[in-house]
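File shown: model_10.txt (compact mmCIF, C-alpha atoms).
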```txt
# COMPACT_ATOMS: atom_id res chain seq x y z
CA MET A 1 194.51 135.39 129.39
CA ALA A 2 197.98 133.96 130.03
CA PRO A 3 200.67 136.60 130.53
CA SER A 4 202.88 137.25 127.54
CA LYS A 5 206.57 136.50 127.56
CA GLN A 6 207.26 140.24 127.73
CA GLU A 7 205.44 140.39 131.11
CA LYS A 8 207.62 137.67 132.62
CA ALA A 9 210.00 138.96 135.29
CA PRO A 10 213.73 139.08 134.50
CA PRO A 11 215.89 136.58 136.43
CA TYR A 12 217.56 139.43 138.37
CA SER A 13 215.90 142.44 139.99
CA LYS A 14 216.71 146.04 140.91
CA ASP A 15 218.76 146.43 144.12
CA GLU A 16 219.70 142.73 144.10
CA LYS A 17 223.25 141.98 145.23
CA VAL A 18 225.03 139.72 142.75
CA LEU A 19 228.41 138.71 141.39
CA CYS A 20 229.34 140.08 137.99
CA PHE A 21 232.09 139.21 135.53
CA HIS A 22 234.50 141.97 134.56
CA GLY A 23 236.99 140.35 132.22
CA ASP A 24 237.98 136.95 133.61
CA LEU A 25 237.16 137.82 137.22
CA MET A 26 233.94 138.14 139.21
CA TYR A 27 233.21 140.99 141.58
CA GLU A 28 230.46 141.66 144.09
CA ALA A 29 228.00 144.15 142.65
CA LYS A 30 224.53 145.62 142.95
CA ILE A 31 221.91 145.96 140.23
CA MET A 32 220.99 149.64 140.01
CA GLU A 33 218.56 149.48 137.11
CA VAL A 34 216.83 146.90 134.92
CA LYS A 35 215.83 147.73 131.36
CA ILE A 36 213.91 145.67 128.80
CA GLU A 37 213.64 146.99 125.27
CA PRO A 38 210.11 146.98 123.75
CA GLY A 39 209.33 143.62 122.19
CA LYS A 40 212.23 141.90 123.94
CA LYS A 41 212.02 138.92 126.29
CA ALA A 42 212.77 139.09 130.01
CA GLU A 43 215.95 137.07 129.48
CA ASP A 44 217.18 139.82 127.12
CA ALA A 45 217.05 142.42 129.89
CA GLN A 46 219.93 144.85 130.38
CA TYR A 47 221.23 145.48 133.90
CA ARG A 48 223.10 148.54 135.12
CA ILE A 49 225.72 147.18 137.52
CA HIS A 50 227.60 149.02 140.26
CA TYR A 51 230.66 147.16 141.48
CA LYS A 52 231.09 147.21 145.26
CA GLY A 53 233.94 149.52 146.27
CA TRP A 54 234.40 150.88 142.74
CA LYS A 55 233.70 154.41 141.54
CA ALA A 56 230.43 155.03 139.73
CA SER A 57 232.42 155.66 136.57
CA TRP A 58 232.93 151.87 136.43
CA ASP A 59 229.15 151.23 136.37
CA ASP A 60 228.29 149.07 133.39
CA TRP A 61 225.31 147.84 131.41
CA VAL A 62 225.48 144.06 131.11
CA THR A 63 223.32 141.12 130.09
CA GLN A 64 222.42 138.20 132.33
CA ASP A 65 225.26 136.00 131.06
CA ARG A 66 227.71 138.26 132.94
CA ILE A 67 225.80 137.95 136.22
CA ARG A 68 225.75 135.20 138.85
CA LYS A 69 223.67 134.82 141.99
CA LEU A 70 225.45 135.80 145.22
CA THR A 71 225.71 132.27 146.63
CA GLU A 72 228.46 130.61 148.67
CA ASP A 73 229.40 128.40 145.71
CA ASN A 74 229.74 131.40 143.40
CA LYS A 75 231.74 133.32 146.03
CA LEU A 76 234.14 130.39 146.18
CA LEU A 77 234.37 130.38 142.39
CA ALA A 78 235.16 134.12 142.40
CA THR A 79 237.95 133.50 144.92
CA GLN A 80 239.40 130.67 142.82
CA LEU A 81 239.36 132.80 139.66
CA ALA A 82 241.17 135.59 141.52
CA THR A 83 243.78 133.09 142.75
CA GLN A 84 244.31 131.84 139.21
CA ALA A 85 244.80 135.40 137.97
CA ARG A 86 247.44 136.08 140.64
CA MET A 87 249.29 132.88 139.75
CA ARG A 88 249.32 133.83 136.07
CA ALA A 89 250.69 137.32 136.78
CA PRO A 90 254.30 137.89 135.63
CA GLY A 91 256.75 137.25 138.43
CA ALA A 92 254.21 135.50 140.60
CA LYS A 93 255.54 132.66 142.71
CA GLY A 94 254.71 129.44 140.90
CA GLY A 95 253.58 131.60 137.96
CA ALA A 96 252.12 130.82 134.58
CA LYS A 97 254.93 128.55 133.47
CA LYS A 98 254.31 126.21 136.38
CA ILE A 99 250.56 126.01 135.97
CA GLY A 100 250.65 125.61 132.22
CA THR A 101 249.79 122.52 130.25
CA LYS A 102 252.31 120.13 131.71
CA ALA A 103 251.71 121.06 135.33
CA ALA A 104 247.95 121.03 134.99
CA GLY A 105 248.06 117.67 133.31
CA SER A 106 250.54 116.38 135.93
CA GLU A 107 253.27 113.79 135.53
CA MET A 108 250.73 111.08 136.12
CA SER A 109 248.65 112.04 133.11
CA SER A 110 251.79 112.42 131.00
CA ALA A 111 252.74 108.86 131.86
CA ARG A 112 249.48 107.68 130.34
CA GLY A 113 250.58 108.74 126.89
CA SER A 114 250.53 112.44 126.09
CA GLU A 115 251.40 111.63 122.48
CA GLU A 116 247.84 110.32 122.03
CA ARG A 117 246.04 113.40 123.28
CA ALA A 118 245.69 114.99 119.87
CA ALA A 119 243.86 111.95 118.58
CA ALA A 120 241.50 111.97 121.55
CA SER A 121 240.50 115.61 121.59
CA THR A 122 237.14 116.87 120.45
CA SER A 123 235.45 120.16 121.29
CA PHE A 124 232.84 120.70 123.98
CA ALA A 125 231.25 123.11 121.56
CA GLY A 126 230.96 120.38 118.95
CA ARG A 127 233.69 121.84 116.78
CA GLY A 128 236.27 119.23 115.86
CA PRO A 129 240.00 119.30 116.57
CA ARG A 130 242.29 121.37 114.41
CA ARG A 131 243.31 119.65 111.23
CA GLY A 132 246.94 118.71 110.75
CA ARG A 133 247.50 121.39 108.15
CA ASP A 134 246.33 124.05 110.61
CA PHE A 135 249.20 123.10 112.89
CA GLU A 136 251.66 123.24 110.02
CA LEU A 137 250.57 126.74 109.05
CA GLU A 138 250.49 128.16 112.58
CA THR A 139 252.99 130.85 113.42
CA GLU A 140 254.67 131.00 116.80
CA GLU A 141 252.36 133.85 117.76
CA ALA A 142 249.29 131.82 116.82
CA PHE A 143 250.57 128.86 118.81
CA HIS A 144 250.90 130.96 121.96
CA ALA A 145 247.53 132.59 121.27
CA ARG A 146 245.66 129.28 121.41
CA PRO A 147 242.87 129.27 124.01
CA SER A 148 244.03 127.83 127.31
CA ILE A 149 242.18 126.70 130.40
CA LYS A 150 243.87 127.10 133.76
CA LEU A 151 242.31 124.87 136.40
CA ILE A 152 242.92 124.87 140.12
CA ILE A 153 242.19 121.34 141.30
CA PRO A 154 240.80 121.14 144.89
CA ASP A 155 243.31 119.63 147.33
CA VAL A 156 240.91 116.79 148.16
CA LEU A 157 240.88 115.65 144.54
CA LYS A 158 244.66 116.01 144.29
CA ALA A 159 245.01 113.67 147.25
CA PHE A 160 242.72 111.10 145.63
CA LEU A 161 244.69 111.35 142.38
CA VAL A 162 247.96 110.67 144.19
CA ASP A 163 246.45 107.71 146.05
CA ASP A 164 245.00 106.44 142.79
CA TRP A 165 248.40 106.66 141.07
CA GLU A 166 250.11 104.80 143.92
CA ASN A 167 247.44 102.09 144.11
CA VAL A 168 247.70 101.29 140.41
CA THR A 169 251.37 101.86 139.58
CA LYS A 170 253.02 100.97 142.88
CA ASN A 171 250.66 98.57 144.62
CA MET A 172 249.54 96.93 141.37
CA GLN A 173 245.84 97.20 142.24
CA LEU A 174 242.75 98.04 140.20
CA VAL A 175 239.55 100.01 140.61
CA PRO A 176 236.74 97.41 140.92
CA LEU A 177 234.48 97.40 137.86
CA PRO A 178 231.71 98.07 137.16
CA HIS A 179 232.04 101.06 139.47
CA PRO A 180 229.28 101.37 142.10
CA LYS A 181 228.98 105.10 141.27
CA PRO A 182 229.89 105.47 137.58
CA VAL A 183 230.52 108.74 135.78
CA THR A 184 226.93 108.89 134.51
CA LYS A 185 225.64 108.71 138.10
CA ILE A 186 228.05 111.45 139.21
CA LEU A 187 226.93 113.77 136.40
CA GLU A 188 223.25 113.04 137.07
CA ASP A 189 223.67 113.82 140.78
CA TYR A 190 225.52 117.04 140.03
CA THR A 191 222.83 118.10 137.55
CA ALA A 192 220.15 117.49 140.19
CA TYR A 193 222.14 119.62 142.64
CA GLU A 194 223.15 122.47 140.34
CA MET A 195 220.27 122.89 137.87
CA PRO A 196 217.77 124.28 140.44
CA LYS A 197 220.26 127.07 141.14
CA ARG A 198 220.20 128.28 137.55
CA PRO A 199 217.66 130.95 136.51
CA VAL A 200 214.66 129.36 134.81
CA ASP A 201 214.54 129.71 131.01
CA SER A 202 218.04 131.18 130.90
CA SER A 203 221.16 130.18 129.01
CA HIS A 204 222.84 129.12 132.25
CA GLY A 205 220.90 125.86 132.36
CA ASP A 206 221.72 125.14 128.73
CA ILE A 207 225.41 125.79 129.35
CA LEU A 208 225.39 123.35 132.28
CA GLU A 209 223.75 120.63 130.18
CA GLU A 210 226.12 121.17 127.25
CA THR A 211 229.19 121.13 129.49
CA LEU A 212 228.25 117.89 131.25
CA ALA A 213 227.25 116.23 127.98
CA GLY A 214 230.61 117.26 126.54
CA LEU A 215 232.44 115.97 129.61
CA LYS A 216 230.71 112.61 129.25
CA GLU A 217 231.55 112.44 125.53
CA TYR A 218 235.17 113.36 126.21
CA PHE A 219 235.36 110.64 128.84
CA ASP A 220 233.90 107.94 126.61
CA LYS A 221 236.20 108.80 123.72
CA SER A 222 239.41 109.33 125.67
CA LEU A 223 239.34 106.64 128.36
CA GLY A 224 241.03 103.92 126.33
CA ARG A 225 243.46 106.36 124.71
CA ILE A 226 244.85 108.55 127.47
CA LEU A 227 243.23 107.84 130.85
CA LEU A 228 244.63 104.39 131.64
CA TYR A 229 247.89 103.31 133.20
CA LYS A 230 249.66 100.40 131.55
CA PHE A 231 248.68 98.06 134.40
CA GLU A 232 244.98 98.76 133.71
CA ARG A 233 244.99 97.93 130.02
CA PRO A 234 244.27 94.19 130.32
CA GLN A 235 241.32 95.05 132.55
CA TYR A 236 240.11 97.52 129.93
CA ALA A 237 240.41 94.85 127.24
CA GLU A 238 238.31 92.48 129.35
CA VAL A 239 235.69 95.17 129.95
CA HIS A 240 235.56 95.98 126.24
CA LYS A 241 234.98 92.31 125.47
CA LYS A 242 232.21 92.06 128.08
CA CYS A 243 230.47 95.13 126.65
CA ASN A 244 230.02 93.16 123.43
CA SER A 245 228.83 90.05 125.23
CA ALA A 246 225.62 89.03 126.99
CA ASP A 247 226.97 89.97 130.43
CA PRO A 248 224.15 92.06 132.01
CA ASP A 249 226.61 94.16 134.02
CA PHE A 250 228.42 95.34 130.90
CA GLN A 251 226.38 94.66 127.76
CA GLY A 252 225.87 97.74 125.59
CA LYS A 253 227.35 100.11 128.16
CA ALA A 254 229.73 103.00 127.53
CA ALA A 255 232.88 103.75 129.53
CA SER A 256 231.00 106.38 131.53
CA ASP A 257 228.55 103.66 132.68
CA ILE A 258 231.38 101.45 134.00
CA TYR A 259 234.22 103.67 135.26
CA GLY A 260 233.93 106.23 138.04
CA ALA A 261 235.39 109.23 139.84
CA GLU A 262 238.98 107.96 139.80
CA HIS A 263 239.21 108.01 136.02
CA LEU A 264 237.00 111.11 135.71
CA CYS A 265 239.51 113.07 137.79
CA ARG A 266 242.28 111.93 135.48
CA LEU A 267 240.31 113.49 132.63
CA ILE A 268 239.80 116.75 134.51
CA VAL A 269 243.54 117.26 135.05
CA SER A 270 244.11 116.46 131.36
CA LEU A 271 241.60 119.04 130.11
CA PRO A 272 244.09 121.93 129.72
CA GLU A 273 246.06 119.91 127.17
CA LEU A 274 242.94 118.72 125.36
CA ILE A 275 241.30 122.14 125.14
CA ALA A 276 244.51 123.69 123.79
CA GLN A 277 244.18 121.41 120.76
CA THR A 278 240.67 122.54 119.83
CA ASN A 279 239.49 125.68 118.05
CA MET A 280 237.19 126.85 120.85
CA ASP A 281 237.06 130.63 121.19
CA GLN A 282 238.31 132.22 124.40
CA GLN A 283 234.82 133.10 125.64
CA SER A 284 233.74 129.46 125.38
CA VAL A 285 236.93 128.39 127.15
CA ASN A 286 236.21 130.82 130.00
CA ARG A 287 232.71 129.48 130.39
CA LEU A 288 233.95 125.92 130.33
CA ARG A 289 236.52 126.73 133.01
CA GLU A 290 233.84 128.22 135.22
CA GLU A 291 231.65 125.13 134.90
CA ILE A 292 234.51 122.67 135.45
CA VAL A 293 235.73 124.57 138.54
CA LYS A 294 232.22 124.47 139.99
CA PHE A 295 231.87 120.78 139.25
CA SER A 296 235.31 119.94 140.69
CA THR A 297 234.51 121.87 143.87
CA TRP A 298 231.23 119.99 144.27
CA LEU A 299 232.91 116.63 143.65
CA SER A 300 235.61 117.40 146.22
CA LYS A 301 232.92 118.06 148.83
CA HIS A 302 231.26 114.70 148.08
CA ALA A 303 234.38 112.68 147.31
CA GLU A 304 233.67 110.04 149.94
CA ASP A 305 230.38 109.26 148.18
CA TYR A 306 231.91 108.64 144.75
CA PHE A 307 235.47 107.30 145.13
CA VAL A 308 235.87 103.63 145.98
CA SER A 309 237.07 102.92 149.52
CA SER A 310 239.46 100.15 148.43
CA TYR A 311 241.10 98.81 145.28
CA GLU A 312 241.19 95.14 144.33
CA THR A 313 244.30 93.02 143.91
CA PRO A 314 244.17 91.06 140.62
CA SER A 315 245.37 87.50 140.12
CA THR A 316 249.03 86.64 139.56
CA ASP A 317 248.21 85.74 135.94
CA TYR A 318 246.74 89.20 135.38
CA SER A 319 249.76 90.93 136.94
CA ASP A 320 252.18 88.95 134.81
CA LYS A 321 250.16 89.75 131.68
CA ALA A 322 250.02 93.46 132.52
CA LYS A 323 253.77 93.69 133.11
CA ASN A 324 254.67 92.08 129.77
```
Entire entry expressed as structure tokens:
Amino acid sequence: MAPSKQEKAPPYSKDEKVLCFHGDLMYEAKIMEVKIEPGKKAEDAQYRIHYKGWKASWDDWVTQDRIRKLTEDNKLLATQLATQARMRAPGAKGGAKKIGTKAAGSEMSSARGSEERAAASTSFAGRGPRRGRDFELETEEAFHARPSIKLIIPDVLKAFLVDDWENVTKNMQLVPLPHPKPVTKILEDYTAYEMPKRPVDSSHGDILEETLAGLKEYFDKSLGRILLYKFERPQYAEVHKKCNSADPDFQGKAASDIYGAEHLCRLIVSLPELIAQTNMDQQSVNRLREEIVKFSTWLSKHAEDYFVSSYETPSTDYSDKAKN
């Protein structure tokens, strides 16, 4: 007889060393006890957690969504979350005001048309943007209480973003299209890397899939609205025309099948502004931040595989058209 679901082992075990969320931060901890209520599934197990270096009075019963495996990637994530918390603290050097919406979005993303961000935003959770009347009725307190997502972009990606900005706006060059490693390929490769690390039959795998699907949808819907510099718009118009033609390299394809890491990074630094315009709850925002930080860290480690090595110089006719 096949074992019942109740007999299936929980994803975490007694005495296992893990990382556990306490508020917005993760701490190293040890599982002291595992408890499954009668009739409940293994994934519904309760874990008594003891935080390393904390008094036993801080021991807590938590579910698996608060726990992460003690891996190098998750340790790095814990460090980044702690750094974010210090930067947000009152009086901190380069504090919350500097890492708020405008800073996180950067001057480069603002130059692409911040006035269009409201029209482009949708929710990763599938809940649409706030309606206009919601904004009209919001009090100042409600405005400041909107969910926010503070992202620390890896230095490697920052460097690529600066180079990208200079190549397009200063050197008048373009990313060759279709991209040899489009956004869909990047997300597929990251899924293949990250999914095996998630506990089987747990919500962690579902969260990963939902986040990446949402990132792809955001990219497809926002590329033409907020992710292009003025010099790239004629190229985008040509691509759009080819997608509706018989050209095998473009026919029927979405933006995420044609554009790559350069434009995806522009989206990532724009996320704080986009998320602030949705009605996602704070818990969902925290989870999204965790997933995006993990993805950004992975992409920074494999940047050479996904960013183009050189931009192309368009014809004089194109340059004249783009400038006018």
Point-to-point distance from atom CA of Ala237 of chain A to atom CA of Leu274 of chain A, Å rounded to tenths:
24.1 Å
Considering all atoms listed in the file, can you say which of A:Pro248, A:Tyr218, A:Ile207, A:Val18 comes closest to Lys52 of chain A?
A:Val18
For a cutoff of 12 Å around the file-coordinate point (223.0, 135.5, 138.8), which residues qualify once you count all atoms listed in the file? I'd like the result as a ChimeraX atom specification.
/A:10-13,16-21,26-31,43,47,62-71,73-75,197-200,202-205
Residues of segment 190-239 of chain A at most 12 Å from segment 308-313 of chain A: nearest atom pair and distance in Å, all atoms listed in the file, as JSON lines:
```
{"residue": "A:Phe231", "atom": "CA", "partner": "A:Thr313", "partner_atom": "CA", "distance": 11.6}
{"residue": "A:Glu232", "atom": "CA", "partner": "A:Thr313", "partner_atom": "CA", "distance": 11.7}
{"residue": "A:Gln235", "atom": "CA", "partner": "A:Glu312", "partner_atom": "CA", "distance": 11.8}
```
Residues near His263 of chain A, cut-off 8 Å, only C-alpha atoms, skip fewer than 2 positions along chain, as a short mmCIF file (atom, residue, chain, number, x, y, z; two decimals) with C-alpha atoms, in the frame of the given file:
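This is the output file around00.cif:
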```
data_model
loop_
_atom_site.label_atom_id
_atom_site.label_comp_id
_atom_site.auth_asym_id
_atom_site.auth_seq_id
_atom_site.Cartn_x
_atom_site.Cartn_y
_atom_site.Cartn_z
CA LEU A 223 239.34 106.64 128.36
CA LEU A 227 243.23 107.84 130.85
CA LEU A 228 244.63 104.39 131.64
CA TYR A 259 234.22 103.67 135.26
CA GLY A 260 233.93 106.23 138.04
CA ALA A 261 235.39 109.23 139.84
CA CYS A 265 239.51 113.07 137.79
CA ARG A 266 242.28 111.93 135.48
CA LEU A 267 240.31 113.49 132.63
#
```
